[in-house]
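coords.txt (compact mmCIF, C-alpha atoms and all ligand atoms)
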```
# COMPACT_ATOMS: atom_id res chain seq x y z
CA MET A 1 125.93 82.62 78.96
CA THR A 2 129.12 83.34 80.90
CA ILE A 3 129.56 84.57 84.44
CA LYS A 4 133.04 85.84 85.28
CA GLN A 5 134.20 86.67 88.76
CA THR A 6 136.42 89.69 89.14
CA GLU A 7 137.66 92.14 91.76
CA VAL A 8 137.49 95.89 91.42
CA THR A 9 138.61 98.30 94.13
CA VAL A 10 136.56 101.20 95.42
CA GLY A 11 139.34 103.46 94.11
CA GLU A 12 138.84 102.10 90.60
CA ILE A 13 135.06 102.54 90.75
CA ILE A 14 135.37 106.14 91.89
CA GLN A 15 137.53 107.01 88.86
CA GLY A 16 135.55 109.46 86.76
CA TYR A 17 132.57 109.27 89.12
CA ILE A 18 129.68 111.46 88.07
CA ASN A 19 126.17 111.68 89.48
CA ASN A 20 123.75 114.01 87.83
CA GLU A 21 120.25 114.24 86.49
CA GLU A 22 121.30 114.41 82.86
CA LEU A 23 123.75 111.53 82.63
CA GLY A 24 122.69 109.38 85.53
CA VAL A 25 125.45 107.85 87.67
CA ARG A 26 128.68 106.58 86.13
CA GLY A 27 131.99 105.35 87.47
CA TYR A 28 134.92 103.03 86.71
CA SER A 29 136.42 105.56 84.26
CA GLY A 30 133.06 105.99 82.53
CA LYS A 31 132.73 102.26 81.79
CA LEU A 32 130.16 101.46 84.50
CA ASP A 33 126.57 102.60 84.50
CA ILE A 34 125.87 102.61 88.24
CA ARG A 35 122.40 103.98 87.81
CA PRO A 36 121.11 104.71 84.33
CA PRO A 37 119.27 108.02 84.04
CA TYR A 38 115.62 107.91 85.11
CA GLN A 39 116.00 104.72 87.08
CA ARG A 40 115.05 104.19 90.69
CA GLU A 41 116.31 107.03 92.80
CA PHE A 42 118.70 106.61 95.67
CA ILE A 43 116.77 104.87 98.40
CA TYR A 44 119.35 103.85 101.03
CA ASN A 45 118.80 105.73 104.24
CA GLU A 46 121.62 107.17 106.33
CA THR A 47 121.93 104.15 108.63
CA GLU A 48 122.31 101.84 105.66
CA GLN A 49 124.92 104.11 104.05
CA GLN A 50 126.87 104.23 107.31
CA ALA A 51 126.72 100.46 107.59
CA VAL A 52 128.38 100.10 104.19
CA ILE A 53 131.27 102.37 105.26
CA THR A 54 131.64 100.50 108.56
CA THR A 55 131.83 97.20 106.70
CA VAL A 56 134.58 98.50 104.42
CA LEU A 57 136.62 100.17 107.16
CA ARG A 58 136.61 97.03 109.27
CA GLY A 59 137.60 94.98 106.27
CA TYR A 60 134.49 92.78 106.47
CA PRO A 61 133.25 91.34 103.18
CA LEU A 62 130.42 93.02 101.33
CA ASN A 63 128.11 90.70 99.50
CA VAL A 64 128.90 89.91 95.91
CA MET A 65 127.69 92.43 93.35
CA TYR A 66 126.43 91.69 89.87
CA TRP A 67 127.20 93.60 86.72
CA VAL A 68 125.83 93.06 83.25
CA ARG A 69 128.11 93.19 80.25
CA ARG A 70 126.24 95.06 77.57
CA SER A 71 126.70 94.49 73.87
CA ASP A 72 130.17 95.24 72.49
CA ASP A 73 129.10 98.40 70.73
CA ALA A 74 127.57 99.90 73.89
CA GLU A 75 129.07 103.27 74.72
CA CYS A 76 129.14 102.26 78.41
CA PRO A 77 129.98 98.55 78.58
CA TYR A 78 128.85 97.63 82.10
CA GLU A 79 125.70 98.16 84.12
CA VAL A 80 125.23 97.47 87.82
CA MET A 81 122.53 94.85 88.15
CA ASP A 82 122.67 94.21 91.88
CA GLY A 83 124.68 96.31 94.32
CA GLN A 84 123.61 99.72 93.12
CA GLN A 85 122.88 101.10 96.58
CA ARG A 86 126.14 99.82 98.05
CA THR A 87 128.18 101.16 95.14
CA LEU A 88 126.45 104.52 95.40
CA SER A 89 127.04 104.72 99.15
CA LEU A 90 130.77 104.17 98.67
CA CYS A 91 131.06 106.63 95.78
CA GLU A 92 129.02 109.30 97.50
CA TYR A 93 131.14 108.99 100.62
CA VAL A 94 134.43 109.28 98.76
CA ALA A 95 132.96 112.19 96.80
CA GLY A 96 132.38 113.98 100.11
CA LYS A 97 128.57 113.90 99.98
CA PHE A 98 128.05 112.66 103.53
CA ALA A 99 130.03 112.27 106.75
CA TYR A 100 131.01 109.11 108.57
CA ASP A 101 131.96 109.30 112.23
CA TYR A 102 131.59 113.10 111.86
CA LYS A 103 134.25 113.17 109.17
CA ASN A 104 134.06 113.68 105.45
CA PHE A 105 136.28 111.40 103.41
CA PHE A 106 138.73 114.26 102.76
CA ASN A 107 139.20 114.81 106.50
CA GLN A 108 140.00 111.18 107.24
CA PRO A 109 143.66 110.31 107.91
CA ALA A 110 145.52 109.14 104.81
CA ASP A 111 145.63 105.48 105.96
CA ILE A 112 141.86 105.39 106.39
CA GLN A 113 141.38 106.92 102.97
CA GLN A 114 143.67 104.29 101.49
CA ARG A 115 141.85 101.51 103.28
CA ILE A 116 138.62 102.57 101.63
CA LEU A 117 140.12 103.13 98.16
CA ASN A 118 141.95 99.77 98.22
CA TYR A 119 138.95 97.80 99.40
CA PRO A 120 138.20 95.11 96.81
CA LEU A 121 134.64 94.53 95.67
CA THR A 122 133.78 91.09 94.37
CA ILE A 123 131.89 91.37 91.12
CA TYR A 124 130.19 88.75 89.01
CA VAL A 125 130.00 89.93 85.43
CA CYS A 126 127.26 88.32 83.44
CA GLU A 127 127.05 88.19 79.69
CA GLY A 128 124.55 86.35 77.55
CA GLU A 129 121.22 86.15 75.81
CA PRO A 130 118.26 87.99 77.34
CA SER A 131 116.39 84.78 78.17
CA GLU A 132 119.41 83.36 80.01
CA LYS A 133 119.94 86.55 81.97
CA LEU A 134 116.27 86.61 82.94
CA GLU A 135 116.46 83.14 84.48
CA TRP A 136 119.71 83.93 86.22
CA PHE A 137 118.62 87.25 87.68
CA LYS A 138 115.51 85.64 89.09
CA THR A 139 117.74 83.16 90.90
CA ILE A 140 120.36 85.56 92.25
CA ASN A 141 117.95 88.30 93.15
CA ILE A 142 117.83 87.47 96.82
CA ALA A 143 119.79 89.74 99.15
CA GLY A 144 119.22 93.29 100.30
CA LYS A 145 116.48 95.28 98.68
CA PRO A 146 115.45 92.90 95.94
CA LEU A 147 114.72 94.11 92.46
CA ASN A 148 111.16 93.60 91.41
CA GLU A 149 110.08 91.83 88.26
CA GLN A 150 109.93 94.93 86.08
CA GLU A 151 113.36 96.13 87.27
CA ILE A 152 114.77 92.76 86.25
CA ASN A 153 113.08 93.01 82.86
CA ASN A 154 114.53 96.50 82.40
CA ALA A 155 118.02 95.17 83.01
CA VAL A 156 117.58 92.14 80.79
CA TYR A 157 116.14 94.12 77.90
CA ALA A 158 118.33 97.20 78.42
CA GLY A 159 118.62 99.34 75.33
CA PRO A 160 117.34 102.57 73.80
CA PHE A 161 113.70 101.46 74.09
CA VAL A 162 113.92 100.91 77.86
CA THR A 163 115.98 104.07 78.37
CA ASP A 164 113.34 106.15 76.61
CA ALA A 165 110.47 104.32 78.32
CA LYS A 166 111.98 105.12 81.72
CA ARG A 167 112.05 108.78 80.79
CA HIS A 168 108.27 108.72 80.43
CA PHE A 169 107.33 106.17 83.09
CA SER A 170 109.94 105.79 85.82
CA LYS A 171 110.90 109.17 87.21
CA SER A 172 109.10 110.46 90.31
CA ASN A 173 107.35 113.29 88.49
CA CYS A 174 107.37 111.83 84.99
CA GLY A 175 104.73 112.39 82.34
CA ALA A 176 103.02 109.08 83.02
CA TYR A 177 102.70 109.94 86.69
CA ARG A 178 101.38 113.43 86.07
CA LEU A 179 98.78 112.07 83.71
CA GLY A 180 97.88 108.92 85.60
CA LYS A 181 98.51 109.38 89.32
CA ASP A 182 94.77 109.13 90.07
CA LEU A 183 94.14 106.32 87.59
CA VAL A 184 97.07 103.93 88.00
CA ASN A 185 98.21 102.26 91.23
CA GLY A 186 101.79 102.33 92.51
CA THR A 187 104.78 104.61 92.05
CA PRO A 188 106.95 105.35 89.01
CA ILE A 189 110.31 104.67 90.68
CA ARG A 190 109.31 101.11 91.55
CA GLN A 191 108.36 100.74 87.85
CA ASP A 192 104.64 100.28 88.52
CA PHE A 193 103.69 102.71 85.76
CA LEU A 194 106.02 101.17 83.20
CA LYS A 195 104.80 97.71 84.16
CA LYS A 196 101.17 98.77 83.77
CA ALA A 197 101.83 100.43 80.40
CA LEU A 198 103.55 97.28 79.13
CA GLU A 199 100.79 95.01 80.44
CA TRP A 200 98.21 97.19 78.75
CA ILE A 201 99.91 97.24 75.39
CA ALA A 202 100.61 93.48 75.55
CA GLU A 203 96.96 92.78 76.36
CA HIS A 204 95.93 95.17 73.61
CA GLU A 205 98.01 93.28 71.06
CA THR A 206 96.67 90.00 72.41
CA ARG A 207 93.10 91.22 71.90
CA GLU A 208 94.09 92.01 68.36
CA GLY A 209 95.16 88.40 67.93
CA LYS A 210 98.92 88.69 68.47
CA ARG A 211 99.31 86.72 71.75
CA GLN A 212 101.72 89.23 73.28
CA THR A 213 103.38 89.35 76.74
CA VAL A 214 105.30 92.05 78.62
CA VAL A 215 108.61 90.29 78.08
CA GLY A 216 107.72 89.54 74.48
CA TYR A 217 106.94 93.18 73.82
CA MET A 218 110.18 94.33 75.46
CA ALA A 219 112.25 91.84 73.48
CA GLN A 220 110.60 92.84 70.23
CA HIS A 221 111.20 96.56 70.74
CA GLN A 222 114.50 96.37 72.67
CA HIS A 223 116.67 97.94 69.98
CA GLU A 224 114.20 100.50 68.72
CA PRO A 225 115.29 104.11 69.17
CA ASN A 226 112.45 105.10 71.47
CA ALA A 227 109.27 104.00 73.24
CA ASN A 228 106.92 106.35 71.44
CA ASN A 229 104.36 103.66 70.59
CA LEU A 230 104.08 102.55 74.20
CA TRP A 231 103.91 106.09 75.47
CA SER A 232 101.25 107.21 73.03
CA TYR A 233 99.06 104.14 73.67
CA PHE A 234 99.25 104.79 77.41
CA GLN A 235 98.34 108.43 76.91
CA ASN A 236 95.43 107.53 74.60
CA VAL A 237 94.02 105.15 77.20
CA LEU A 238 94.23 107.60 80.09
CA ASN A 239 93.07 110.59 78.07
CA TRP A 240 90.04 108.59 77.03
CA ALA A 241 89.29 107.84 80.70
CA ILE A 242 89.75 111.47 81.74
CA THR A 243 87.65 112.78 78.86
CA ASN A 244 84.70 110.47 79.45
CA PHE A 245 84.57 110.29 83.24
CA ASP A 246 84.55 113.29 85.53
CA MET A 247 87.72 113.00 87.64
CA LYS A 248 86.47 115.61 90.09
CA LYS A 249 83.38 113.60 90.94
CA PHE A 250 84.53 110.02 90.45
CA LYS A 251 88.22 110.09 91.38
CA LYS A 252 87.87 107.58 94.20
CA ILE A 253 86.36 104.91 91.98
CA MET A 254 88.64 105.47 88.97
CA LYS A 255 92.00 104.33 90.27
CA GLY A 256 93.38 100.94 89.26
CA LEU A 257 90.72 100.04 86.68
CA ASP A 258 91.62 98.11 83.57
CA TRP A 259 91.38 101.27 81.48
CA ALA A 260 93.07 99.77 78.42
CA LEU A 261 90.40 97.07 78.16
CA PHE A 262 87.61 99.65 78.24
CA TYR A 263 89.48 101.98 75.90
CA ASP A 264 89.93 99.19 73.36
CA GLN A 265 86.27 98.21 73.58
CA TYR A 266 84.62 101.62 73.64
CA HIS A 267 86.86 104.36 72.28
CA THR A 268 85.32 104.19 68.83
CA HIS A 269 81.84 104.70 70.32
CA THR A 270 80.55 108.06 71.41
CA LEU A 271 79.49 107.62 75.02
CA ASP A 272 76.64 109.69 76.44
CA THR A 273 78.84 111.02 79.22
CA VAL A 274 76.11 113.08 80.86
CA ALA A 275 73.80 110.11 81.21
CA LEU A 276 76.67 107.88 82.32
CA GLY A 277 77.70 110.45 84.92
CA GLN A 278 74.19 110.56 86.37
CA GLN A 279 74.03 106.78 86.46
CA ILE A 280 77.39 106.59 88.22
CA SER A 281 76.40 109.21 90.80
CA ALA A 282 73.24 107.26 91.61
CA LEU A 283 75.15 103.97 91.90
CA MET A 284 77.70 105.58 94.23
CA ARG A 285 74.85 106.19 96.69
CA ASP A 286 73.53 102.62 96.38
CA SER A 287 74.32 100.69 99.56
CA GLU A 288 73.58 97.38 97.80
CA ILE A 289 76.90 97.78 95.95
CA GLN A 290 79.76 96.38 97.99
CA ARG A 291 82.47 97.12 95.43
CA PRO A 292 82.34 100.77 94.30
CA ALA A 293 85.39 100.24 92.09
CA GLY A 294 83.13 98.08 89.94
CA ILE A 295 80.69 100.90 89.12
CA ILE A 296 82.43 102.24 86.02
CA PRO A 297 83.11 98.75 84.63
CA TYR A 298 79.42 97.98 85.27
CA VAL A 299 78.02 101.05 83.51
CA LEU A 300 80.20 100.27 80.50
CA THR A 301 79.55 96.53 80.29
CA GLY A 302 76.28 95.97 82.16
CA ASP A 303 77.90 93.07 84.04
CA GLU A 304 76.61 93.03 87.63
CA HIS A 305 79.45 90.79 88.80
CA TYR A 306 81.67 93.88 88.94
CA LEU A 307 79.52 95.33 91.73
CA ASP A 308 79.66 92.53 94.32
CA LEU A 309 76.00 93.10 95.20
CA ARG A 310 74.82 92.30 98.71
CA THR A 311 73.50 88.84 99.40
CA PHE A 312 71.08 87.80 102.15
CA PRO A 313 72.63 87.14 105.58
CA GLU A 314 72.08 83.83 107.38
CA ASP A 315 69.49 85.15 109.87
CA ILE A 316 67.16 86.40 107.10
CA LYS A 317 67.58 83.21 105.07
CA LEU A 318 66.82 80.99 108.08
CA ALA A 319 63.72 83.01 109.00
CA VAL A 320 62.37 82.87 105.44
CA TRP A 321 63.12 79.13 105.17
CA GLU A 322 61.03 78.56 108.31
CA GLN A 323 58.27 80.85 107.01
CA GLN A 324 58.12 78.86 103.77
CA LYS A 325 57.95 75.64 105.82
CA HIS A 326 61.07 74.46 103.92
CA ILE A 327 59.14 74.46 100.61
CA CYS A 328 60.62 75.87 97.39
CA PRO A 329 57.90 78.21 96.00
CA ILE A 330 58.68 77.31 92.39
CA CYS A 331 58.84 73.49 92.34
CA HIS A 332 56.88 73.06 95.63
CA LYS A 333 59.26 70.42 96.94
CA GLU A 334 60.69 70.38 100.46
CA PHE A 335 64.42 70.97 101.02
CA ASP A 336 66.86 71.11 103.92
CA TYR A 337 68.31 74.58 104.56
CA GLU A 338 71.70 73.82 103.04
CA PHE A 339 70.11 72.89 99.71
CA MET A 340 68.39 76.26 99.34
CA GLU A 341 69.62 79.73 98.38
CA GLY A 342 68.42 83.25 99.14
CA ASP A 343 66.91 84.95 96.07
CA HIS A 344 65.91 88.58 95.55
CA ILE A 345 62.21 88.45 94.52
CA THR A 346 62.60 91.82 92.81
CA PRO A 347 66.12 91.86 91.39
CA TRP A 348 68.57 94.65 92.25
CA ARG A 349 68.43 96.25 88.81
CA GLU A 350 64.64 96.69 89.23
CA GLY A 351 65.09 98.33 92.60
CA GLY A 352 64.94 95.23 94.83
CA ARG A 353 66.80 95.57 98.15
CA THR A 354 68.45 93.05 100.43
CA VAL A 355 65.65 93.06 103.03
CA ILE A 356 63.57 90.20 104.42
CA GLU A 357 60.43 91.29 102.53
CA ASN A 358 62.34 90.81 99.26
CA CYS A 359 63.77 87.39 100.13
CA GLN A 360 62.60 83.98 99.02
CA MET A 361 64.41 80.71 99.51
CA LEU A 362 64.70 78.69 96.30
CA CYS A 363 66.16 75.26 95.79
CA LYS A 364 69.50 75.40 93.96
CA GLU A 365 68.03 74.05 90.75
CA CYS A 366 65.18 76.59 90.58
CA ASN A 367 67.54 79.42 91.56
CA ARG A 368 69.91 78.52 88.74
CA ARG A 369 67.04 78.44 86.25
CA LYS A 370 65.73 81.80 87.46
CA GLY A 371 69.21 83.30 87.30
CA SER A 372 69.83 82.18 83.72
CA LYS A 373 66.59 83.73 82.42
ZN ZN B 1 62.70 74.44 93.42
```
What does this structure look like when you write it as structure tokens?
Ligand SMILES: [Zn+2]
Amino acid sequence: MTIKQTEVTVGEIIQGYINNEELGVRGYSGKLDIRPPYQREFIYNETEQQAVITTVLRGYPLNVMYWVRRSDDAECPYEVMDGQQRTLSLCEYVAGKFAYDYKNFFNQPADIQQRILNYPLTIYVCEGEPSEKLEWFKTINIAGKPLNEQEINNAVYAGPFVTDAKRHFSKSNCGAYRLGKDLVNGTPIRQDFLKKALEWIAEHETREGKRQTVVGYMAQHQHEPNANNLWSYFQNVLNWAITNFDMKKFKKIMKGLDWALFYDQYHTHTLDTVALGQQISALMRDSEIQRPAGIIPYVLTGDEHYLDLRTFPEDIKLAVWEQQKHICPICHKEFDYEFMEGDHITPWREGGRTVIENCQMLCKECNRRKGSK
């Protein structure tokens, strides 16, 4: 991998500057992709924009920026990797989109205009294999508003697959968001939806015996013309969730679940959704359940661990231990308090509650044996 240092003036960057929905943001006579379409939207606030202009006008240095050299056949050879917000602030100012010191760029005296246009930006241009870039970006990704892991992956595996994936997953009101805003955590522009979709499909392939990872999946599909497979898997998963569980009733326990896991395991079954719905409603009223988000996983799998059921508090356990005269009712041996555990005489699934009348203190050994029955 090579990293070349170069200097480019603001005036050169602003050549051929365009900023629109369709084409994204380009500059440097069309050779620089400042923000590819459907990527994170402009997030500098006014104070930060002004600070960039102040820095340039006073001739202070701006931090180094990083560009990626794309493959030779790329229609736009460079992409801004780090420095997007600073580059955008400068371009937008020169393009007359905001005022500094109450003046638009066009109303500044000629010498001030020249000072901005001649200001040199220090750029490191990086070219190499995806794996090398990945390591390097992780190291340099330090200043300002850092890129997150998925944003780095998008840059490293840039290509038609990622471009198309961003169209579905990364715009504020994209299809993935409209479909999944109540089912998936995070926001599209920080790449949370794309990250989740990639994790899901990688785990799906792993379950099918392929041992896949997010980065592995991106590398494998990097040069494919679109992300249709990813997008349709994501839609299948969420549509399955929406079809089988009533969003109106259960919305607050449906967000952030591992829907792909459940889809993979159950989508070929026909679920009795009416019975499941009744079961879920009843469980939502059950105060023994400390983790409501575990209710749907529980009704699907029957695994009580999802529910984080209540356990006996210290005061009840101590009182029962005294009542039992420190004797374990199963093996009839005597134990110190710390070697005993609170057990529900009638278990939760048979209606037992976490109340003193339903508590017995068992020695650890007997409790383990009872639990494994
Ligand atoms: Zn015992």
Would you mind telling me which residue in A:Gly186, A:Pro225, A:Gly96, A:Pro329 lies nearest to ligand ZN 1 (chain B) when using all atoms listed in the file?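 Among the listed residues, the smallest separation from ligand ZN 1 (chain B) belongs to A:Pro329.
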Select from chain A every residue with an atom at most 10 Å from any atom of ligand ZN 1 (chain B), then for each give the shortest pair of atoms and their distance in Å to one decimal, using only C-alpha atoms and all ligand atoms, rows by chain and rising number, as a tab-separated table.
```
residue	atom	partner	partner_atom	distance
A:Ile327	CA	B:ZN1	ZN	8.0
A:Cys328	CA	B:ZN1	ZN	4.7
A:Pro329	CA	B:ZN1	ZN	6.6
A:Ile330	CA	B:ZN1	ZN	5.0
A:Cys331	CA	B:ZN1	ZN	4.1
A:His332	CA	B:ZN1	ZN	6.4
A:Lys333	CA	B:ZN1	ZN	6.4
A:Glu334	CA	B:ZN1	ZN	8.4
A:Phe335	CA	B:ZN1	ZN	8.5
A:Phe339	CA	B:ZN1	ZN	9.8
A:Met340	CA	B:ZN1	ZN	8.4
A:Met361	CA	B:ZN1	ZN	8.9
A:Leu362	CA	B:ZN1	ZN	5.5
A:Cys363	CA	B:ZN1	ZN	4.3
A:Lys364	CA	B:ZN1	ZN	6.9
A:Glu365	CA	B:ZN1	ZN	6.0
A:Cys366	CA	B:ZN1	ZN	4.3
A:Asn367	CA	B:ZN1	ZN	7.2
A:Arg368	CA	B:ZN1	ZN	9.5
A:Arg369	CA	B:ZN1	ZN	9.3
A:Lys370	CA	B:ZN1	ZN	9.9
```
Selection near A:Asp192, 12 Å with all atoms listed in the file, sequence-local residues under 5 positions removed, as a list of chain:residue names: A:Arg40, A:Asn148, A:Glu149, A:Gln150, A:Glu151, A:Lys166, A:Phe169, A:Ser170, A:Lys171, A:Ser172, A:Ala176, A:Tyr177, A:Gly180, A:Lys181, A:Val184, A:Asn185, A:Gly186, A:Thr187, A:Ala197, A:Leu198, A:Glu199, A:Gly256
Those residues with C-alpha atoms, as a compact mmCIF listing (two decimals), keeping the file's coordinate frame please?
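Result written to part-v3.txt:
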```txt
# COMPACT_ATOMS: atom_id res chain seq x y z
CA ARG A 40 115.05 104.19 90.69
CA ASN A 148 111.16 93.60 91.41
CA GLU A 149 110.08 91.83 88.26
CA GLN A 150 109.93 94.93 86.08
CA GLU A 151 113.36 96.13 87.27
CA LYS A 166 111.98 105.12 81.72
CA PHE A 169 107.33 106.17 83.09
CA SER A 170 109.94 105.79 85.82
CA LYS A 171 110.90 109.17 87.21
CA SER A 172 109.10 110.46 90.31
CA ALA A 176 103.02 109.08 83.02
CA TYR A 177 102.70 109.94 86.69
CA GLY A 180 97.88 108.92 85.60
CA LYS A 181 98.51 109.38 89.32
CA VAL A 184 97.07 103.93 88.00
CA ASN A 185 98.21 102.26 91.23
CA GLY A 186 101.79 102.33 92.51
CA THR A 187 104.78 104.61 92.05
CA ALA A 197 101.83 100.43 80.40
CA LEU A 198 103.55 97.28 79.13
CA GLU A 199 100.79 95.01 80.44
CA GLY A 256 93.38 100.94 89.26
```
Measuring atom to atom with all atoms listed in the file, identify which of A:Tyr60, A:Tyr306, A:Trp240, A:Phe262 is nearest to A:Pro120.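 Of the candidates, the smallest distance to A:Pro120 is held by A:Tyr60.
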Around the point (130.0, 91.2, 79.2) in the file's coordinates, collect all residues with an atom within 8 Å, using all atoms listed in the file, and return them as an mmCIF file with C-alpha atoms, in the coordinates of the input.
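Output file out-v8.cif is given in full below:
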```
data_model
loop_
_atom_site.group_PDB
_atom_site.id
_atom_site.type_symbol
_atom_site.label_atom_id
_atom_site.label_comp_id
_atom_site.auth_asym_id
_atom_site.auth_seq_id
_atom_site.Cartn_x
_atom_site.Cartn_y
_atom_site.Cartn_z
ATOM 1 C CA VAL A 68 125.830 93.060 83.250
ATOM 2 C CA ARG A 69 128.110 93.190 80.250
ATOM 3 C CA ARG A 70 126.240 95.060 77.570
ATOM 4 C CA SER A 71 126.700 94.490 73.870
ATOM 5 C CA ASP A 72 130.170 95.240 72.490
ATOM 6 C CA PRO A 77 129.980 98.550 78.580
ATOM 7 C CA TYR A 78 128.850 97.630 82.100
ATOM 8 C CA VAL A 125 130.000 89.930 85.430
ATOM 9 C CA CYS A 126 127.260 88.320 83.440
ATOM 10 C CA GLU A 127 127.050 88.190 79.690
ATOM 11 C CA GLY A 128 124.550 86.350 77.550
#
```
Skip A:Gln278 itself and residues of its chain fewer than 5 positions away, then list as a count of residues only all residues within 12 Å of it, counting all atoms listed in the file. 12
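What separates atom CA of A:Gly294 from atom CA of A:Leu257 is a distance of 8.5 Å.
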Identify, on the basis of only C-alpha atoms, every residue whose closest approach to A:Asn154 does not exceed 12 Å; exclude the query and any residue fewer than 3 positions from it along the same chain; express the result as a ChimeraX atom specification. /A:36,38-40,68,79,81,130,133-134,137,147-151,157-166,170,190-191,194-195,198,214-215,217-219,222
Which residue of A:Cys76, A:Val52, A:Leu318, A:Met1 approaches A:Arg26 most closely, using only C-alpha atoms: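 Of the candidates, the smallest distance to A:Arg26 is held by A:Cys76.
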In Å and to one decimal, atom CA of A:Met254 is distant from atom CA of A:Ala241 by 8.6 Å
